[in-house]
Amino acid sequence: MNLYIIRHAIAVDEGTPEYEQDSERPLTDKGKKKMRQISKGLRTLGADFDLILSSPYVRAKETAEILADVFKVKADIAFSDNLVPMGDPDLLISEMNEKYNANSIALVGHEPQLTALVSLLAAENASVDMTLKKGGVCRLSADDIHHSRKATLEWLLTPGILVEIGEK
């Protein structure tokens with residue numbers, strides 16, 4: 001199983017008057033454009049998804065929609081409250097095991113939840129000191145996350161590197 005941990009792209013700043021709730025903040029035009037380039041970089045690397053599971057927050061949803069468009073994913077994007085900024089990684093793993101049968105999943109969400117998920121799977125819950133930038137992607141691989149919470153961190157790429165790869 002491959003897990004692509006994807007942080008949402010650049011969004012409207014927190015505290016912007018038109019968006020009183022944090023969950024309502026959309027991507028900026030620059031964020032949308034950059035996410036399209038990032039998605040092309042992922043496609044060039046050979047990434048593929050059976051499922052895109054996203055936070056229901058607007059900025060994550062828009063990021064997932066761009067990803068689905070570039071990858072021509074036909075199925076609907078699924079949403080999970082366990083991918084919100086303060087979501088529970090253990091509950092997310094349980095949800096994936098119970099609801100979805102996929103070999104390759106793109107998880108679109110927020111910090112600090114995504115780093116907590118990587119810590120749980122790749123470091124047996126020890127704190128992983130990493131920076132997942134907006135639009136950054138981390139790939140984990142695991143034989144099975146049903147019975148154990150163990151995965152291998154294959155790579156962690158910045159948005160800039162993915163944009164470069166997508167331009168080739």
# chains A, B, ... in the order shown; residues from 1 in each chain; ligands from 1
$ closest_atom_pairs --of "range 5-52 of chain A" --to "range 124-144 of chain A" --cutoff "8 Å" --atoms "only C-alpha atoms" --output "tab-separated table"
residue	atom	partner	partner_atom	distance
A:Ile5	CA	A:Cys138	CA	5.0
A:Ile6	CA	A:Val137	CA	4.6
A:Arg7	CA	A:Gly135	CA	5.2
A:His8	CA	A:Gly135	CA	5.4
A:Ala9	CA	A:Gly135	CA	4.4
A:Ile10	CA	A:Lys134	CA	5.8
A:Lys34	CA	A:Gly135	CA	7.9
A:Met35	CA	A:Gly135	CA	6.3
A:Ile38	CA	A:Gly135	CA	7.1
$ residues_around --residues "Val58 in chain A" --least-positions-apart "4" --cutoff "10 Å" --atoms "only C-alpha atoms" --output "list in words"
His8, Ala11, Asp22, Ser23, Glu24, Arg25, Pro26, Leu27, Ser54, Glu62, Thr63 and Ala64 of chain A
$ closest_residue --among "A:Ala123, A:Val12, A:Asp90, A:Leu162" --to "Lys30 in chain A" --atoms "only C-alpha atoms"
A:Val12
$ select_by_dssp --residues "range 50-118 of chain A" --states "helix (DSSP H, G or I)" --output "compact mmCIF listing (two decimals) with all heavy atoms, in the first residue's frame"
# COMPACT_ATOMS: atom_id res chain seq x y z
N VAL A 58 -12.39 23.73 2.93
CA VAL A 58 -12.43 24.19 1.55
C VAL A 58 -11.05 24.12 0.89
O VAL A 58 -10.92 23.61 -0.24
CB VAL A 58 -13.00 25.63 1.46
CG1 VAL A 58 -12.84 26.20 0.06
CG2 VAL A 58 -14.46 25.64 1.89
N ARG A 59 -10.00 24.57 1.54
CA ARG A 59 -8.68 24.58 0.92
C ARG A 59 -8.16 23.17 0.61
O ARG A 59 -7.51 22.95 -0.41
CB ARG A 59 -7.67 25.38 1.75
CG ARG A 59 -7.47 24.89 3.17
CD ARG A 59 -6.68 25.94 3.98
NE ARG A 59 -6.44 25.54 5.34
CZ ARG A 59 -7.28 25.73 6.34
NH1 ARG A 59 -8.46 26.31 6.12
NH2 ARG A 59 -6.97 25.37 7.56
N ALA A 60 -8.47 22.21 1.46
CA ALA A 60 -8.08 20.82 1.21
C ALA A 60 -8.94 20.22 0.09
O ALA A 60 -8.44 19.53 -0.79
CB ALA A 60 -8.19 20.00 2.48
N LYS A 61 -10.23 20.51 0.14
CA LYS A 61 -11.16 20.01 -0.89
C LYS A 61 -10.73 20.51 -2.27
O LYS A 61 -10.69 19.74 -3.23
CB LYS A 61 -12.57 20.49 -0.55
CG LYS A 61 -13.63 20.07 -1.54
CD LYS A 61 -15.00 20.60 -1.07
CE LYS A 61 -16.11 20.22 -2.00
NZ LYS A 61 -16.25 21.10 -3.14
N GLU A 62 -10.38 21.79 -2.37
CA GLU A 62 -9.94 22.35 -3.66
C GLU A 62 -8.62 21.72 -4.10
O GLU A 62 -8.43 21.45 -5.29
CB GLU A 62 -9.81 23.87 -3.56
CG GLU A 62 -11.14 24.57 -3.45
CD GLU A 62 -11.03 26.08 -3.31
OE1 GLU A 62 -9.93 26.60 -2.98
OE2 GLU A 62 -12.05 26.75 -3.51
N THR A 63 -7.73 21.46 -3.17
CA THR A 63 -6.46 20.78 -3.48
C THR A 63 -6.75 19.39 -4.04
O THR A 63 -6.18 18.98 -5.06
CB THR A 63 -5.57 20.70 -2.22
OG1 THR A 63 -5.26 22.03 -1.78
CG2 THR A 63 -4.28 19.94 -2.50
N ALA A 64 -7.64 18.65 -3.38
CA ALA A 64 -8.01 17.30 -3.81
C ALA A 64 -8.66 17.32 -5.20
O ALA A 64 -8.40 16.44 -6.03
CB ALA A 64 -8.93 16.66 -2.78
N GLU A 65 -9.48 18.32 -5.46
CA GLU A 65 -10.14 18.43 -6.77
C GLU A 65 -9.14 18.67 -7.88
O GLU A 65 -9.26 18.10 -8.97
CB GLU A 65 -11.18 19.55 -6.73
CG GLU A 65 -12.41 19.19 -5.92
CD GLU A 65 -13.33 20.37 -5.64
OE1 GLU A 65 -12.92 21.54 -5.86
OE2 GLU A 65 -14.46 20.12 -5.19
N ILE A 66 -8.12 19.47 -7.64
CA ILE A 66 -7.08 19.71 -8.64
C ILE A 66 -6.31 18.41 -8.89
O ILE A 66 -6.05 18.03 -10.03
CB ILE A 66 -6.13 20.85 -8.19
CG1 ILE A 66 -6.88 22.18 -8.19
CG2 ILE A 66 -4.88 20.91 -9.09
CD1 ILE A 66 -6.16 23.32 -7.48
N LEU A 67 -5.96 17.72 -7.83
CA LEU A 67 -5.27 16.43 -7.92
C LEU A 67 -6.10 15.45 -8.75
O LEU A 67 -5.58 14.80 -9.67
CB LEU A 67 -5.04 15.90 -6.51
CG LEU A 67 -4.08 14.78 -6.29
CD1 LEU A 67 -2.66 15.18 -6.66
CD2 LEU A 67 -4.13 14.33 -4.83
N ALA A 68 -7.38 15.35 -8.46
CA ALA A 68 -8.27 14.44 -9.18
C ALA A 68 -8.36 14.81 -10.66
O ALA A 68 -8.36 13.93 -11.53
CB ALA A 68 -9.66 14.45 -8.55
N ASP A 69 -8.38 16.10 -10.95
CA ASP A 69 -8.46 16.55 -12.33
C ASP A 69 -7.20 16.19 -13.11
O ASP A 69 -7.27 15.64 -14.21
CB ASP A 69 -8.71 18.07 -12.37
CG ASP A 69 -8.85 18.59 -13.79
OD1 ASP A 69 -9.70 18.06 -14.55
OD2 ASP A 69 -8.10 19.51 -14.17
N VAL A 70 -6.04 16.47 -12.54
CA VAL A 70 -4.77 16.19 -13.22
C VAL A 70 -4.58 14.68 -13.42
O VAL A 70 -4.11 14.23 -14.46
CB VAL A 70 -3.57 16.80 -12.46
CG1 VAL A 70 -2.24 16.31 -13.01
CG2 VAL A 70 -3.63 18.32 -12.51
N PHE A 71 -4.99 13.89 -12.44
CA PHE A 71 -4.84 12.44 -12.52
C PHE A 71 -6.02 11.75 -13.20
O PHE A 71 -6.03 10.53 -13.31
CB PHE A 71 -4.61 11.86 -11.12
CG PHE A 71 -3.19 11.95 -10.68
CD1 PHE A 71 -2.71 13.10 -10.07
CD2 PHE A 71 -2.31 10.89 -10.87
CE1 PHE A 71 -1.38 13.20 -9.68
CE2 PHE A 71 -0.99 10.97 -10.48
CZ PHE A 71 -0.52 12.13 -9.89
N ASP A 81 -13.43 13.70 8.52
CA ASP A 81 -13.18 14.66 9.59
C ASP A 81 -11.89 14.33 10.34
O ASP A 81 -11.38 15.17 11.08
CB ASP A 81 -14.35 14.68 10.57
CG ASP A 81 -15.57 15.37 9.97
OD1 ASP A 81 -15.41 16.22 9.06
OD2 ASP A 81 -16.70 15.05 10.40
N ASN A 82 -11.36 13.14 10.15
CA ASN A 82 -10.09 12.77 10.78
C ASN A 82 -8.89 13.38 10.07
O ASN A 82 -7.75 13.20 10.52
CB ASN A 82 -9.95 11.24 10.84
CG ASN A 82 -10.96 10.63 11.79
OD1 ASN A 82 -11.12 11.09 12.91
ND2 ASN A 82 -11.67 9.62 11.32
N LEU A 83 -9.12 14.12 8.98
CA LEU A 83 -8.04 14.82 8.28
C LEU A 83 -8.04 16.33 8.54
O LEU A 83 -7.26 17.06 7.94
CB LEU A 83 -8.11 14.55 6.77
CG LEU A 83 -7.48 13.24 6.33
CD1 LEU A 83 -7.92 12.86 4.92
CD2 LEU A 83 -5.96 13.30 6.42
N PRO A 89 -4.92 10.79 14.12
CA PRO A 89 -4.32 9.85 13.15
C PRO A 89 -4.75 8.40 13.37
O PRO A 89 -4.96 7.66 12.41
CB PRO A 89 -2.81 10.01 13.37
CG PRO A 89 -2.64 11.32 14.03
CD PRO A 89 -3.89 11.56 14.82
N ASP A 90 -4.89 7.97 14.63
CA ASP A 90 -5.34 6.60 14.91
C ASP A 90 -6.74 6.36 14.35
O ASP A 90 -7.01 5.31 13.76
CB ASP A 90 -5.33 6.32 16.42
CG ASP A 90 -4.02 5.68 16.87
OD1 ASP A 90 -3.54 4.78 16.17
OD2 ASP A 90 -3.50 6.11 17.92
N LEU A 91 -7.62 7.33 14.56
CA LEU A 91 -8.98 7.20 14.04
C LEU A 91 -8.99 7.21 12.50
O LEU A 91 -9.78 6.51 11.88
CB LEU A 91 -9.88 8.30 14.58
CG LEU A 91 -10.19 8.24 16.08
CD1 LEU A 91 -11.03 9.45 16.50
CD2 LEU A 91 -10.90 6.94 16.44
N LEU A 92 -8.10 7.98 11.90
CA LEU A 92 -7.98 8.03 10.44
C LEU A 92 -7.57 6.65 9.91
O LEU A 92 -8.17 6.14 8.96
CB LEU A 92 -6.98 9.09 10.00
CG LEU A 92 -6.70 9.13 8.50
CD1 LEU A 92 -7.95 9.51 7.71
CD2 LEU A 92 -5.55 10.09 8.20
N ILE A 93 -6.59 6.03 10.54
CA ILE A 93 -6.13 4.72 10.10
C ILE A 93 -7.26 3.69 10.25
O ILE A 93 -7.50 2.89 9.34
CB ILE A 93 -4.86 4.29 10.87
CG1 ILE A 93 -3.69 5.20 10.48
CG2 ILE A 93 -4.51 2.82 10.59
CD1 ILE A 93 -2.48 5.08 11.38
N SER A 94 -7.95 3.73 11.36
CA SER A 94 -9.08 2.82 11.57
C SER A 94 -10.14 3.04 10.49
O SER A 94 -10.70 2.08 9.95
CB SER A 94 -9.69 3.02 12.95
OG SER A 94 -8.78 2.64 13.95
N GLU A 95 -10.44 4.29 10.20
CA GLU A 95 -11.44 4.61 9.17
C GLU A 95 -11.01 4.06 7.81
O GLU A 95 -11.82 3.46 7.09
CB GLU A 95 -11.63 6.13 9.09
CG GLU A 95 -12.56 6.56 8.00
CD GLU A 95 -12.67 8.07 7.84
OE1 GLU A 95 -12.05 8.82 8.63
OE2 GLU A 95 -13.37 8.50 6.92
N MET A 96 -9.74 4.26 7.44
CA MET A 96 -9.25 3.75 6.15
C MET A 96 -9.37 2.23 6.09
O MET A 96 -9.77 1.68 5.07
CB MET A 96 -7.80 4.18 5.92
CG MET A 96 -7.65 5.65 5.62
SD MET A 96 -5.99 6.11 5.06
CE MET A 96 -4.94 5.51 6.35
N ASN A 97 -9.03 1.56 7.19
CA ASN A 97 -9.10 0.10 7.23
C ASN A 97 -10.53 -0.41 7.14
O ASN A 97 -10.79 -1.44 6.51
CB ASN A 97 -8.45 -0.44 8.51
CG ASN A 97 -6.94 -0.35 8.46
OD1 ASN A 97 -6.34 -0.38 7.40
ND2 ASN A 97 -6.33 -0.22 9.62
N GLU A 98 -11.47 0.29 7.76
CA GLU A 98 -12.86 -0.16 7.80
C GLU A 98 -13.65 0.19 6.55
O GLU A 98 -14.48 -0.60 6.10
CB GLU A 98 -13.57 0.45 9.02
CG GLU A 98 -13.09 -0.10 10.34
CD GLU A 98 -13.59 0.71 11.54
OE1 GLU A 98 -14.56 1.49 11.39
OE2 GLU A 98 -13.00 0.56 12.63
N LYS A 99 -13.39 1.37 5.97
CA LYS A 99 -14.25 1.86 4.89
C LYS A 99 -13.70 1.67 3.47
O LYS A 99 -14.47 1.64 2.52
CB LYS A 99 -14.50 3.36 5.07
CG LYS A 99 -15.45 3.72 6.16
CD LYS A 99 -15.71 5.21 6.09
CE LYS A 99 -16.81 5.64 7.02
NZ LYS A 99 -17.06 7.09 6.89
N GLN A 113 -1.71 17.68 11.84
CA GLN A 113 -2.26 16.33 11.77
C GLN A 113 -1.45 15.43 10.86
O GLN A 113 -1.22 14.26 11.17
CB GLN A 113 -3.73 16.38 11.33
CG GLN A 113 -4.51 15.12 11.55
CD GLN A 113 -4.40 14.13 10.41
OE1 GLN A 113 -3.92 14.43 9.34
NE2 GLN A 113 -4.86 12.93 10.67
N LEU A 114 -1.00 15.93 9.70
CA LEU A 114 -0.29 15.08 8.75
C LEU A 114 1.06 14.62 9.30
O LEU A 114 1.43 13.45 9.15
CB LEU A 114 -0.13 15.80 7.41
CG LEU A 114 -1.43 16.09 6.67
CD1 LEU A 114 -1.17 16.89 5.41
CD2 LEU A 114 -2.18 14.80 6.34
N THR A 115 1.79 15.51 9.97
CA THR A 115 3.05 15.10 10.58
C THR A 115 2.82 14.08 11.68
O THR A 115 3.58 13.14 11.85
CB THR A 115 3.83 16.33 11.11
OG1 THR A 115 4.18 17.16 10.00
CG2 THR A 115 5.11 15.92 11.82
N ALA A 116 1.74 14.24 12.43
CA ALA A 116 1.39 13.27 13.47
C ALA A 116 1.11 11.90 12.84
O ALA A 116 1.51 10.86 13.39
CB ALA A 116 0.19 13.75 14.27
N LEU A 117 0.47 11.88 11.69
CA LEU A 117 0.20 10.62 10.98
C LEU A 117 1.50 9.96 10.53
O LEU A 117 1.70 8.76 10.72
CB LEU A 117 -0.72 10.88 9.78
CG LEU A 117 -1.03 9.67 8.90
CD1 LEU A 117 -1.80 8.61 9.68
CD2 LEU A 117 -1.81 10.11 7.66
N VAL A 118 2.40 10.75 9.95
CA VAL A 118 3.70 10.21 9.52
C VAL A 118 4.46 9.68 10.73
O VAL A 118 5.06 8.60 10.68
CB VAL A 118 4.52 11.28 8.76
CG1 VAL A 118 5.94 10.79 8.49
CG2 VAL A 118 3.83 11.65 7.45
$ residues_around --residues "Leu42 in chain A" --least-positions-apart "2" --cutoff "9 Å" --atoms "only C-alpha atoms" --output "MDAnalysis selection string"
chainID A and resid 37:40 44:48 137 162:163 165:166
$ select_by_dssp --residues "chain A" --states "strand (DSSP E)" --output "list in words"
Asn2, Leu3, Tyr4, Ile5, Ile6, Arg7, Leu51, Ile52, Leu53, Ser54, Ala78, Phe79, Ser104, Ile105, Ala106, Leu107, Val108, Gly109, Val137, Cys138, Arg139, Leu140, Ser141, Thr152, Leu153, Glu154, Trp155, Leu156 and Leu157 of chain A
$ atom_distance --atom1 "CA of Ser55 in chain A" --atom2 "CA of Tyr100 in chain A"
15.6 Å
$ closest_residue --among "A:Pro56, A:Tyr4, A:Asp29, A:Val73" --to "Leu107 in chain A" --atoms "only C-alpha atoms"
A:Tyr4
$ closest_residue --among "A:Tyr57, A:Trp155, A:Phe49, A:Phe79" --to "Tyr19 in chain A" --atoms "only C-alpha atoms"
A:Tyr57
$ closest_residue --among "A:Leu120, A:Leu157, A:Leu53, A:Ala106" --to "Ile77 in chain A" --atoms "only C-alpha atoms"
A:Leu53
$ decode --residues "range 18-102 of chain A" --atoms "C-alpha atoms" --output "tab-separated table (two decimals), in the first residue's frame"
chain	number	residue	atom	x	y	z
A	18	GLU	CA	-14.63	37.30	4.16
A	19	TYR	CA	-13.78	33.93	5.73
A	20	GLU	CA	-14.73	33.98	9.38
A	21	GLN	CA	-14.35	30.22	9.84
A	22	ASP	CA	-10.94	28.63	9.29
A	23	SER	CA	-12.67	25.78	7.43
A	24	GLU	CA	-13.99	28.22	4.79
A	25	ARG	CA	-10.63	29.57	3.59
A	26	PRO	CA	-10.13	28.75	-0.13
A	27	LEU	CA	-6.93	28.38	-2.14
A	28	THR	CA	-5.47	31.53	-3.66
A	29	ASP	CA	-5.09	31.75	-7.44
A	30	LYS	CA	-1.36	31.22	-6.94
A	31	GLY	CA	-2.11	28.18	-4.76
A	32	LYS	CA	-4.37	26.66	-7.43
A	33	LYS	CA	-1.81	27.19	-10.17
A	34	LYS	CA	1.02	25.78	-8.08
A	35	MET	CA	-1.04	22.74	-7.03
A	36	ARG	CA	-1.71	21.94	-10.68
A	37	GLN	CA	2.07	22.01	-11.31
A	38	ILE	CA	2.71	19.91	-8.19
A	39	SER	CA	0.15	17.36	-9.38
A	40	LYS	CA	1.86	17.16	-12.77
A	41	GLY	CA	5.16	16.53	-10.94
A	42	LEU	CA	3.55	13.68	-8.99
A	43	ARG	CA	2.19	12.20	-12.22
A	44	THR	CA	5.68	12.42	-13.78
A	45	LEU	CA	7.05	10.49	-10.77
A	46	GLY	CA	4.54	7.72	-11.49
A	47	ALA	CA	2.20	8.36	-8.57
A	48	ASP	CA	-1.23	6.80	-8.94
A	49	PHE	CA	-4.27	6.74	-6.65
A	50	ASP	CA	-7.16	4.35	-6.13
A	51	LEU	CA	-8.67	6.82	-3.69
A	52	ILE	CA	-8.35	10.48	-2.76
A	53	LEU	CA	-9.37	11.06	0.86
A	54	SER	CA	-9.52	14.71	1.91
A	55	SER	CA	-10.26	16.98	4.81
A	56	PRO	CA	-13.66	18.64	4.28
A	57	TYR	CA	-12.10	22.11	4.74
A	58	VAL	CA	-12.43	24.19	1.55
A	59	ARG	CA	-8.68	24.58	0.92
A	60	ALA	CA	-8.08	20.82	1.21
A	61	LYS	CA	-11.16	20.01	-0.89
A	62	GLU	CA	-9.94	22.35	-3.66
A	63	THR	CA	-6.46	20.78	-3.48
A	64	ALA	CA	-8.01	17.30	-3.81
A	65	GLU	CA	-10.14	18.43	-6.77
A	66	ILE	CA	-7.08	19.71	-8.64
A	67	LEU	CA	-5.27	16.43	-7.92
A	68	ALA	CA	-8.27	14.44	-9.18
A	69	ASP	CA	-8.46	16.55	-12.33
A	70	VAL	CA	-4.77	16.19	-13.22
A	71	PHE	CA	-4.84	12.44	-12.52
A	72	LYS	CA	-8.20	11.98	-14.26
A	73	VAL	CA	-9.60	10.23	-11.18
A	74	LYS	CA	-13.14	9.23	-12.06
A	75	ALA	CA	-14.43	8.34	-8.60
A	76	ASP	CA	-15.66	10.95	-6.18
A	77	ILE	CA	-13.30	12.33	-3.59
A	78	ALA	CA	-14.06	10.95	-0.13
A	79	PHE	CA	-13.95	13.23	2.90
A	80	SER	CA	-12.90	12.54	6.47
A	81	ASP	CA	-13.18	14.66	9.59
A	82	ASN	CA	-10.09	12.77	10.78
A	83	LEU	CA	-8.04	14.82	8.28
A	84	VAL	CA	-8.89	18.23	9.78
A	85	PRO	CA	-6.02	20.13	11.49
A	86	MET	CA	-6.63	18.56	14.91
A	87	GLY	CA	-7.83	15.18	13.61
A	88	ASP	CA	-6.80	11.92	15.24
A	89	PRO	CA	-4.32	9.85	13.15
A	90	ASP	CA	-5.34	6.60	14.91
A	91	LEU	CA	-8.98	7.20	14.04
A	92	LEU	CA	-7.98	8.03	10.44
A	93	ILE	CA	-6.13	4.72	10.10
A	94	SER	CA	-9.08	2.82	11.57
A	95	GLU	CA	-11.44	4.61	9.17
A	96	MET	CA	-9.25	3.75	6.15
A	97	ASN	CA	-9.10	0.10	7.23
A	98	GLU	CA	-12.86	-0.16	7.80
A	99	LYS	CA	-14.25	1.86	4.89
A	100	TYR	CA	-11.81	1.68	1.99
A	101	ASN	CA	-10.13	-1.07	0.02
A	102	ALA	CA	-7.37	0.73	-1.87
